[in-house]
>>> print(open('upload-v4.cif').read())   # mmCIF, C-alpha atoms
data_protein
loop_
_atom_site.label_atom_id
_atom_site.label_comp_id
_atom_site.auth_asym_id
_atom_site.auth_seq_id
_atom_site.Cartn_x
_atom_site.Cartn_y
_atom_site.Cartn_z
CA MET A 254 27.52 -20.72 61.76
CA GLN A 255 29.53 -23.24 63.81
CA ASP A 256 32.66 -21.13 63.36
CA ILE A 257 30.83 -18.04 64.67
CA ILE A 258 29.51 -19.92 67.69
CA ARG A 259 32.98 -21.33 68.46
CA ARG A 260 34.37 -17.78 68.44
CA ILE A 261 31.63 -16.67 70.84
CA ILE A 262 32.44 -19.56 73.19
CA SER A 263 36.18 -18.85 72.97
CA ALA A 264 35.49 -15.29 74.14
CA LEU A 265 33.74 -16.54 77.28
CA PRO A 266 35.51 -16.73 80.65
CA GLN A 267 37.72 -19.75 81.19
CA GLY A 268 35.24 -21.41 83.54
CA MET A 269 32.46 -21.33 80.99
CA ARG A 270 34.69 -22.75 78.26
CA LEU A 271 35.06 -25.88 80.36
CA ALA A 272 31.46 -26.79 79.62
CA LYS A 273 31.16 -29.57 77.07
CA ARG A 274 31.20 -28.10 73.60
CA SER A 275 29.68 -31.28 72.24
CA GLN A 276 26.52 -30.34 74.16
CA MET A 277 26.67 -26.55 73.76
CA LEU A 278 27.06 -26.45 69.98
CA PRO A 279 24.08 -28.67 69.07
CA LEU A 280 21.93 -26.75 71.54
CA LEU A 281 22.95 -23.41 70.06
CA LEU A 282 22.44 -24.63 66.52
CA THR A 283 19.07 -26.33 66.92
CA ILE A 284 17.25 -24.27 69.55
CA ARG A 285 18.67 -20.82 68.98
CA VAL A 286 19.01 -20.47 65.22
CA GLY A 287 15.23 -20.15 64.82
CA GLY A 288 15.15 -17.52 67.55
CA LEU A 289 18.01 -15.59 65.99
CA ILE A 290 16.30 -15.60 62.61
CA LEU A 291 13.06 -14.37 64.19
CA ALA A 292 14.95 -11.67 66.08
CA ALA A 293 16.66 -10.56 62.86
CA LEU A 294 13.27 -10.36 61.12
CA ALA A 295 11.85 -8.32 64.01
CA MET A 296 14.83 -5.94 63.82
CA TRP A 297 14.22 -5.50 60.10
CA VAL A 298 10.54 -4.75 60.75
CA PHE A 299 11.45 -2.18 63.40
CA ALA A 300 14.03 -0.53 61.14
CA SER A 301 11.54 -0.35 58.26
CA ILE A 302 8.84 1.20 60.44
CA ALA A 303 11.31 3.63 62.01
CA ASP A 304 12.42 4.77 58.55
CA ASP A 305 8.81 5.40 57.50
CA VAL A 306 8.13 7.29 60.72
CA LEU A 307 11.17 9.52 60.29
CA ASP A 308 10.15 10.28 56.69
CA LYS A 309 6.50 10.77 57.77
CA GLU A 310 5.42 8.22 55.18
CA SER A 311 3.16 6.34 57.59
CA GLN A 312 0.94 9.30 58.59
CA ALA A 313 -1.95 8.49 56.26
CA PHE A 314 -1.87 4.81 57.21
CA ASP A 315 -1.78 5.61 60.93
CA THR A 316 -4.53 8.22 60.78
CA GLY A 317 -6.86 6.03 58.72
CA ILE A 318 -6.68 3.15 61.19
CA LEU A 319 -7.23 5.35 64.24
CA LEU A 320 -10.26 7.07 62.69
CA ALA A 321 -11.72 3.68 61.80
CA LEU A 322 -11.33 2.55 65.40
CA LYS A 323 -12.88 5.80 66.63
CA SER A 324 -16.10 4.89 64.83
CA LEU A 325 -16.36 1.76 67.00
CA HIS A 326 -16.33 3.62 70.32
CA THR A 327 -19.06 2.81 72.85
CA PRO A 328 -19.09 3.39 76.63
CA LEU A 329 -18.88 -0.37 77.28
CA ILE A 330 -15.91 -0.90 74.95
CA ASP A 331 -14.26 2.20 76.38
CA GLN A 332 -14.26 0.66 79.86
CA LEU A 333 -13.05 -2.69 78.53
CA MET A 334 -10.13 -1.06 76.71
CA ILE A 335 -9.20 1.03 79.76
CA GLY A 336 -9.03 -2.20 81.77
CA LEU A 337 -6.89 -3.90 79.14
CA THR A 338 -4.51 -0.97 78.79
CA PHE A 339 -4.13 -0.94 82.60
CA MET A 340 -2.55 -4.41 82.36
CA GLY A 341 0.26 -2.87 80.31
CA GLU A 342 0.96 0.02 82.68
CA PRO A 343 4.61 0.26 83.86
CA THR A 344 3.55 0.10 87.53
CA VAL A 345 1.52 -3.07 86.98
CA LEU A 346 4.34 -4.72 85.06
CA LEU A 347 6.88 -3.70 87.71
CA VAL A 348 4.78 -5.21 90.50
CA MET A 349 4.28 -8.33 88.42
CA CYS A 350 8.04 -8.69 87.89
CA LEU A 351 8.71 -8.23 91.61
CA VAL A 352 6.09 -10.78 92.68
CA LEU A 353 7.20 -13.30 90.07
CA GLY A 354 10.87 -12.77 90.93
CA ILE A 355 10.21 -13.36 94.63
CA LEU A 356 8.22 -16.53 93.89
CA LEU A 357 11.02 -17.85 91.68
CA LEU A 358 13.62 -17.10 94.35
CA ILE A 359 11.53 -18.94 96.96
CA GLN A 360 11.51 -21.93 94.59
CA GLN A 361 15.32 -21.69 94.25
CA ARG A 362 15.00 -20.76 90.57
CA ARG A 363 17.55 -17.94 90.67
CA GLN A 364 18.38 -18.01 86.99
CA GLU A 365 14.76 -17.38 86.00
CA ALA A 366 14.31 -14.71 88.69
CA THR A 367 17.42 -12.91 87.43
CA ILE A 368 16.34 -13.03 83.79
CA ILE A 369 12.91 -11.62 84.69
CA ALA A 370 14.63 -8.64 86.32
CA ILE A 371 16.96 -8.18 83.35
CA ALA A 372 14.11 -8.53 80.85
CA GLY A 373 11.88 -5.98 82.57
CA GLY A 374 14.59 -3.46 83.37
CA GLY A 375 16.17 -3.74 79.94
CA ALA A 376 12.86 -3.37 78.10
CA GLY A 377 11.90 -0.29 80.10
CA GLY A 378 15.28 1.36 79.67
CA LEU A 379 15.48 0.60 75.95
CA ASN A 380 11.97 1.93 75.37
CA TYR A 381 12.81 5.17 77.13
CA LEU A 382 15.93 5.65 75.01
CA LEU A 383 14.06 4.95 71.78
CA LYS A 384 11.31 7.41 72.69
CA GLU A 385 13.90 10.10 73.38
CA LEU A 386 15.67 9.28 70.12
CA PHE A 387 12.61 9.54 67.86
CA ALA A 388 10.67 12.14 69.92
CA ARG A 389 7.42 11.46 68.06
CA SER A 390 4.32 13.32 69.20
CA ARG A 391 1.26 11.35 70.25
CA PRO A 392 -1.95 11.38 68.21
CA ALA A 393 -4.40 14.19 68.93
CA LEU A 394 -7.32 13.18 66.73
CA TRP A 395 -9.90 13.32 69.55
CA GLU A 396 -10.14 14.04 73.26
CA ARG A 397 -8.49 11.20 75.18
CA VAL A 398 -10.12 9.44 78.12
CA VAL A 399 -6.75 8.43 79.63
CA ASP A 400 -3.77 10.54 80.61
CA VAL A 401 -0.49 9.96 78.77
CA SER A 402 2.96 11.50 78.88
CA HIS A 403 6.32 11.23 77.15
CA TYR A 404 6.77 10.54 73.45
CA SER A 405 4.84 8.10 71.30
CA PHE A 406 7.33 5.94 69.36
CA PRO A 407 7.64 3.06 70.06
CA SER A 408 4.74 2.08 72.30
CA GLY A 409 6.00 1.25 75.78
CA HIS A 410 2.86 -0.77 76.55
CA ALA A 411 3.38 -2.91 73.45
CA MET A 412 7.12 -3.30 73.89
CA VAL A 413 7.29 -4.03 77.62
CA SER A 414 4.18 -6.24 77.67
CA MET A 415 5.70 -8.26 74.83
CA VAL A 416 8.79 -8.84 76.96
CA ILE A 417 7.19 -9.41 80.38
CA TYR A 418 4.12 -11.41 79.36
CA GLY A 419 6.17 -13.17 76.69
CA MET A 420 8.71 -14.23 79.31
CA ILE A 421 5.96 -15.36 81.68
CA GLY A 422 4.40 -17.37 78.86
CA TYR A 423 7.77 -18.95 78.06
CA LEU A 424 8.37 -19.93 81.69
CA LEU A 425 4.88 -21.43 81.89
CA THR A 426 5.50 -23.54 78.78
CA THR A 427 8.64 -24.97 80.38
CA ARG A 428 6.68 -25.90 83.51
CA PHE A 429 3.58 -27.16 81.72
CA PRO A 430 4.72 -28.51 78.33
CA ARG A 431 1.43 -30.34 77.77
CA TRP A 432 -0.35 -26.97 77.66
CA ARG A 433 2.28 -25.26 75.51
CA VAL A 434 0.06 -24.46 72.51
CA LEU A 435 -2.73 -23.06 74.68
CA ILE A 436 -0.30 -20.96 76.73
CA ILE A 437 1.37 -19.55 73.62
CA ASN A 438 -1.96 -18.68 71.99
CA LEU A 439 -3.34 -17.02 75.12
CA THR A 440 -0.11 -15.06 75.57
CA ILE A 441 -0.21 -13.80 71.98
CA ILE A 442 -3.87 -12.81 72.29
CA PHE A 443 -3.31 -11.00 75.60
CA ILE A 444 -0.31 -9.05 74.30
CA SER A 445 -2.20 -8.18 71.11
CA VAL A 446 -5.26 -6.77 72.88
CA ILE A 447 -3.06 -4.56 75.06
CA GLY A 448 -1.63 -3.02 71.89
CA LEU A 449 -5.12 -2.74 70.39
CA SER A 450 -6.30 -0.89 73.50
CA ARG A 451 -3.64 1.78 72.94
CA LEU A 452 -4.93 2.35 69.42
CA TYR A 453 -8.58 2.32 70.43
CA LEU A 454 -7.90 4.92 73.13
CA GLY A 455 -6.05 7.07 70.59
CA VAL A 456 -2.82 7.38 72.59
CA HIS A 457 -0.57 5.70 70.01
CA TRP A 458 -0.20 5.51 66.27
CA PRO A 459 -0.45 1.98 64.80
CA THR A 460 3.21 2.12 63.76
CA ASP A 461 4.12 2.88 67.39
CA VAL A 462 2.53 -0.37 68.48
CA LEU A 463 3.99 -2.44 65.64
CA ALA A 464 7.47 -1.06 66.32
CA GLY A 465 7.03 -1.72 70.04
CA TYR A 466 6.18 -5.34 69.36
CA ALA A 467 9.16 -5.71 67.02
CA ALA A 468 11.66 -4.18 69.45
CA GLY A 469 10.16 -6.12 72.37
CA LEU A 470 10.40 -9.39 70.46
CA VAL A 471 14.12 -8.86 69.81
CA TRP A 472 14.79 -8.26 73.51
CA LEU A 473 12.53 -11.16 74.55
CA ILE A 474 14.39 -13.58 72.29
CA ALA A 475 17.74 -12.32 73.54
CA CYS A 476 16.64 -12.91 77.15
CA ILE A 477 15.30 -16.40 76.43
CA ILE A 478 18.46 -17.39 74.59
CA SER A 479 20.60 -16.07 77.44
CA LEU A 480 18.54 -18.05 79.94
CA ARG A 481 18.85 -21.26 77.95
CA ILE A 482 22.62 -20.89 77.59
CA TRP A 483 22.93 -20.11 81.30
CA GLN A 484 20.82 -23.11 82.27
CA GLU A 485 22.78 -25.43 80.00
CA TYR A 486 26.06 -24.18 81.39
CA ARG A 487 24.90 -24.66 84.98
CA SER A 488 23.62 -28.12 84.11
CA ASP A 489 26.97 -29.10 82.59
CA GLN A 490 28.78 -27.69 85.60
CA SER A 491 26.60 -29.68 88.02
CA ARG A 492 27.19 -32.89 86.07
CA SER A 493 30.95 -32.27 86.13
CA GLU A 494 30.88 -31.71 89.89
CA ASP A 495 28.85 -34.88 90.44
CA LYS A 496 31.35 -36.92 88.41
CA SER A 497 34.27 -35.49 90.38
CA LEU A 498 32.70 -36.82 93.58
CA LEU A 499 32.53 -40.39 92.27
CA PRO A 500 35.19 -42.80 93.60
CA GLU A 501 37.89 -43.69 91.10
#
>>> encode(input="upload-v4.cif", output="structure tokens")
Amino acid sequence: MQDIIRRIISALPQGMRLAKRSQMLPLLLTIRVGGLILAALAMWVFASIADDVLDKESQAFDTGILLALKSLHTPLIDQLMIGLTFMGEPTVLLVMCLVLGILLLIQQRRQEATIIAIAGGGAGGLNYLLKELFARSRPALWERVVDVSHYSFPSGHAMVSMVIYGMIGYLLTTRFPRWRVLIINLTIIFISVIGLSRLYLGVHWPTDVLAGYAAGLVWLIACIISLRIWQEYRSDQSRSEDKSLLPE
């Protein structure tokens, strides 16, 4: 693992290689290995689901779950689920990214503002490409109460909400470490109910949502790792500049 990381660092621009390796390597090994393992697991989950979808092996599983959820429909729950699914709409997430990015820029937190833009844009673009690649039709088991378009696999609501709300949750935990457990739990619950709303409304198959979460988690981890490396590099650079200003 250390040899792989050293090769990655050696491929970086000259300026970045000047950062202290004694600080970069432990950070990469301790903080990022867990994230990389989780990302690898999520990629495996996505690949497994995608294989089942292509072979149509998940149809019975998907249909059974949706019909079970259909039996729970009531007017009150319908309105609740429409409200929850609205929080995962691309327009809502775009506005949220813009507002958050502006607030971060005002606070001189350019690295975090940039990564929010990259996370949101990358998640949306990747989801579009995956939908075009698999071209899976949406469920048509009952008359829908919401309008939908484009293909079904993977769920854009699940994937992009995982990335955007996951990134917001991560940034909040760095600002309020004492509330980390509560923030993480609330973030997981919120992302989960958005995916559940898509199933309840009958606009996605369960495997669409699971695959969306898996793909979104991979991209979320990649963005968080990139942010941490960037922040560590900038921190090392600032310390080097401060030392160069000291009298000899």
>>> resolve_selection(input="upload-v4.cif", expression="the PyMOL selection byres ((chain A and resi 447) around 8)", output="VMD selection string")
chain A and resid 337 to 338 340 to 341 410 to 411 414 443 to 446 448 to 451
>>> closest_residue(input="upload-v4.cif", among="A:Ala464, A:Ile368, A:Leu357, A:Met349", to="Tyr418 (chain A)", atoms="all atoms listed in the file")
A:Met349
>>> closest_residue(input="upload-v4.cif", among="A:Gly419, A:Gly455, A:Gly373, A:Gly336", to="Ile474 (chain A)", atoms="only C-alpha atoms")
A:Gly419
>>> atom_distance(input="upload-v4.cif", atom1="CA of Ile371 (chain A)", atom2="CA of Leu347 (chain A)")
11.9 Å
>>> atom_distance(input="upload-v4.cif", atom1="CA of Ser405 (chain A)", atom2="CA of Ala388 (chain A)")
7.2 Å
>>> axis_aligned_box(input="upload-v4.cif", around="region 377-389 of chain A", padding_each_side="8 Å", output="JSON")
{"center_x": 11.7, "center_y": 5.9, "center_z": 74.0, "size_x": 24.5, "size_y": 28.4, "size_z": 28.2}
>>> resolve_selection(input="upload-v4.cif", expression="the PyMOL selection byres ((chain A and resi 317) around 12)", output="mmCIF file with C-alpha atoms, keeping the file's coordinate frame")
data_model
loop_
_atom_site.group_PDB
_atom_site.id
_atom_site.type_symbol
_atom_site.label_atom_id
_atom_site.label_comp_id
_atom_site.auth_asym_id
_atom_site.auth_seq_id
_atom_site.Cartn_x
_atom_site.Cartn_y
_atom_site.Cartn_z
ATOM 1 C CA SER A 311 3.160 6.340 57.590
ATOM 2 C CA GLN A 312 0.940 9.300 58.590
ATOM 3 C CA ALA A 313 -1.950 8.490 56.260
ATOM 4 C CA PHE A 314 -1.870 4.810 57.210
ATOM 5 C CA ASP A 315 -1.780 5.610 60.930
ATOM 6 C CA THR A 316 -4.530 8.220 60.780
ATOM 7 C CA ILE A 318 -6.680 3.150 61.190
ATOM 8 C CA LEU A 319 -7.230 5.350 64.240
ATOM 9 C CA LEU A 320 -10.260 7.070 62.690
ATOM 10 C CA ALA A 321 -11.720 3.680 61.800
ATOM 11 C CA LEU A 322 -11.330 2.550 65.400
ATOM 12 C CA LYS A 323 -12.880 5.800 66.630
ATOM 13 C CA SER A 324 -16.100 4.890 64.830
ATOM 14 C CA PRO A 392 -1.950 11.380 68.210
ATOM 15 C CA LEU A 394 -7.320 13.180 66.730
ATOM 16 C CA LEU A 452 -4.930 2.350 69.420
ATOM 17 C CA GLY A 455 -6.050 7.070 70.590
ATOM 18 C CA TRP A 458 -0.200 5.510 66.270
ATOM 19 C CA PRO A 459 -0.450 1.980 64.800
ATOM 20 C CA THR A 460 3.210 2.120 63.760
#
>>> residues_around(input="upload-v4.cif", residues="Leu351 (chain A)", least_positions_apart="4", cutoff="9 Å", atoms="all atoms listed in the file", output="number ranges by chain")
A: 346-347, 355-356, 369-370
>>> build_atoms(input="upload-v4.cif", residues="region 416-441 of chain A", atoms="N, CA and C atoms", output="tab-separated table (two decimals), in the coordinates of the input")
chain	number	residue	atom	x	y	z
A	416	VAL	N	7.67	-8.23	76.24
A	416	VAL	CA	8.79	-8.84	76.96
A	416	VAL	C	8.33	-9.55	78.23
A	417	ILE	N	7.57	-8.85	79.08
A	417	ILE	CA	7.19	-9.41	80.38
A	417	ILE	C	6.20	-10.57	80.22
A	418	TYR	N	5.10	-10.34	79.52
A	418	TYR	CA	4.12	-11.41	79.36
A	418	TYR	C	4.67	-12.52	78.47
A	419	GLY	N	5.53	-12.14	77.52
A	419	GLY	CA	6.17	-13.17	76.69
A	419	GLY	C	7.07	-14.06	77.51
A	420	MET	N	7.83	-13.46	78.44
A	420	MET	CA	8.71	-14.23	79.31
A	420	MET	C	7.91	-15.11	80.27
A	421	ILE	N	6.83	-14.55	80.80
A	421	ILE	CA	5.96	-15.36	81.68
A	421	ILE	C	5.38	-16.54	80.91
A	422	GLY	N	4.92	-16.28	79.69
A	422	GLY	CA	4.40	-17.37	78.86
A	422	GLY	C	5.45	-18.43	78.59
A	423	TYR	N	6.69	-17.99	78.31
A	423	TYR	CA	7.77	-18.95	78.06
A	423	TYR	C	8.04	-19.81	79.29
A	424	LEU	N	8.11	-19.17	80.46
A	424	LEU	CA	8.37	-19.93	81.69
A	424	LEU	C	7.24	-20.92	81.98
A	425	LEU	N	6.01	-20.52	81.68
A	425	LEU	CA	4.88	-21.43	81.89
A	425	LEU	C	4.95	-22.63	80.95
A	426	THR	N	5.39	-22.41	79.71
A	426	THR	CA	5.50	-23.54	78.78
A	426	THR	C	6.57	-24.53	79.22
A	427	THR	N	7.61	-24.05	79.89
A	427	THR	CA	8.64	-24.97	80.38
A	427	THR	C	8.15	-25.77	81.58
A	428	ARG	N	7.23	-25.19	82.35
A	428	ARG	CA	6.68	-25.90	83.51
A	428	ARG	C	5.51	-26.80	83.14
A	429	PHE	N	4.76	-26.40	82.13
A	429	PHE	CA	3.58	-27.16	81.72
A	429	PHE	C	3.63	-27.43	80.21
A	430	PRO	N	4.55	-28.28	79.78
A	430	PRO	CA	4.72	-28.51	78.33
A	430	PRO	C	3.48	-29.07	77.64
A	431	ARG	N	2.64	-29.78	78.38
A	431	ARG	CA	1.43	-30.34	77.77
A	431	ARG	C	0.47	-29.24	77.33
A	432	TRP	N	0.54	-28.08	77.97
A	432	TRP	CA	-0.35	-26.97	77.66
A	432	TRP	C	0.34	-25.90	76.84
A	433	ARG	N	1.45	-26.25	76.20
A	433	ARG	CA	2.28	-25.26	75.51
A	433	ARG	C	1.50	-24.47	74.46
A	434	VAL	N	0.77	-25.15	73.60
A	434	VAL	CA	0.06	-24.46	72.51
A	434	VAL	C	-0.97	-23.49	73.08
A	435	LEU	N	-1.72	-23.93	74.08
A	435	LEU	CA	-2.73	-23.06	74.68
A	435	LEU	C	-2.08	-21.85	75.33
A	436	ILE	N	-0.99	-22.07	76.06
A	436	ILE	CA	-0.30	-20.96	76.73
A	436	ILE	C	0.22	-19.95	75.72
A	437	ILE	N	0.83	-20.45	74.65
A	437	ILE	CA	1.37	-19.55	73.62
A	437	ILE	C	0.26	-18.73	72.98
A	438	ASN	N	-0.85	-19.40	72.63
A	438	ASN	CA	-1.96	-18.68	71.99
A	438	ASN	C	-2.56	-17.63	72.91
A	439	LEU	N	-2.77	-17.98	74.18
A	439	LEU	CA	-3.34	-17.02	75.12
A	439	LEU	C	-2.39	-15.84	75.35
A	440	THR	N	-1.09	-16.13	75.38
A	440	THR	CA	-0.11	-15.06	75.57
A	440	THR	C	-0.13	-14.09	74.38
A	441	ILE	N	-0.17	-14.64	73.18
A	441	ILE	CA	-0.21	-13.80	71.98
A	441	ILE	C	-1.47	-12.94	71.96
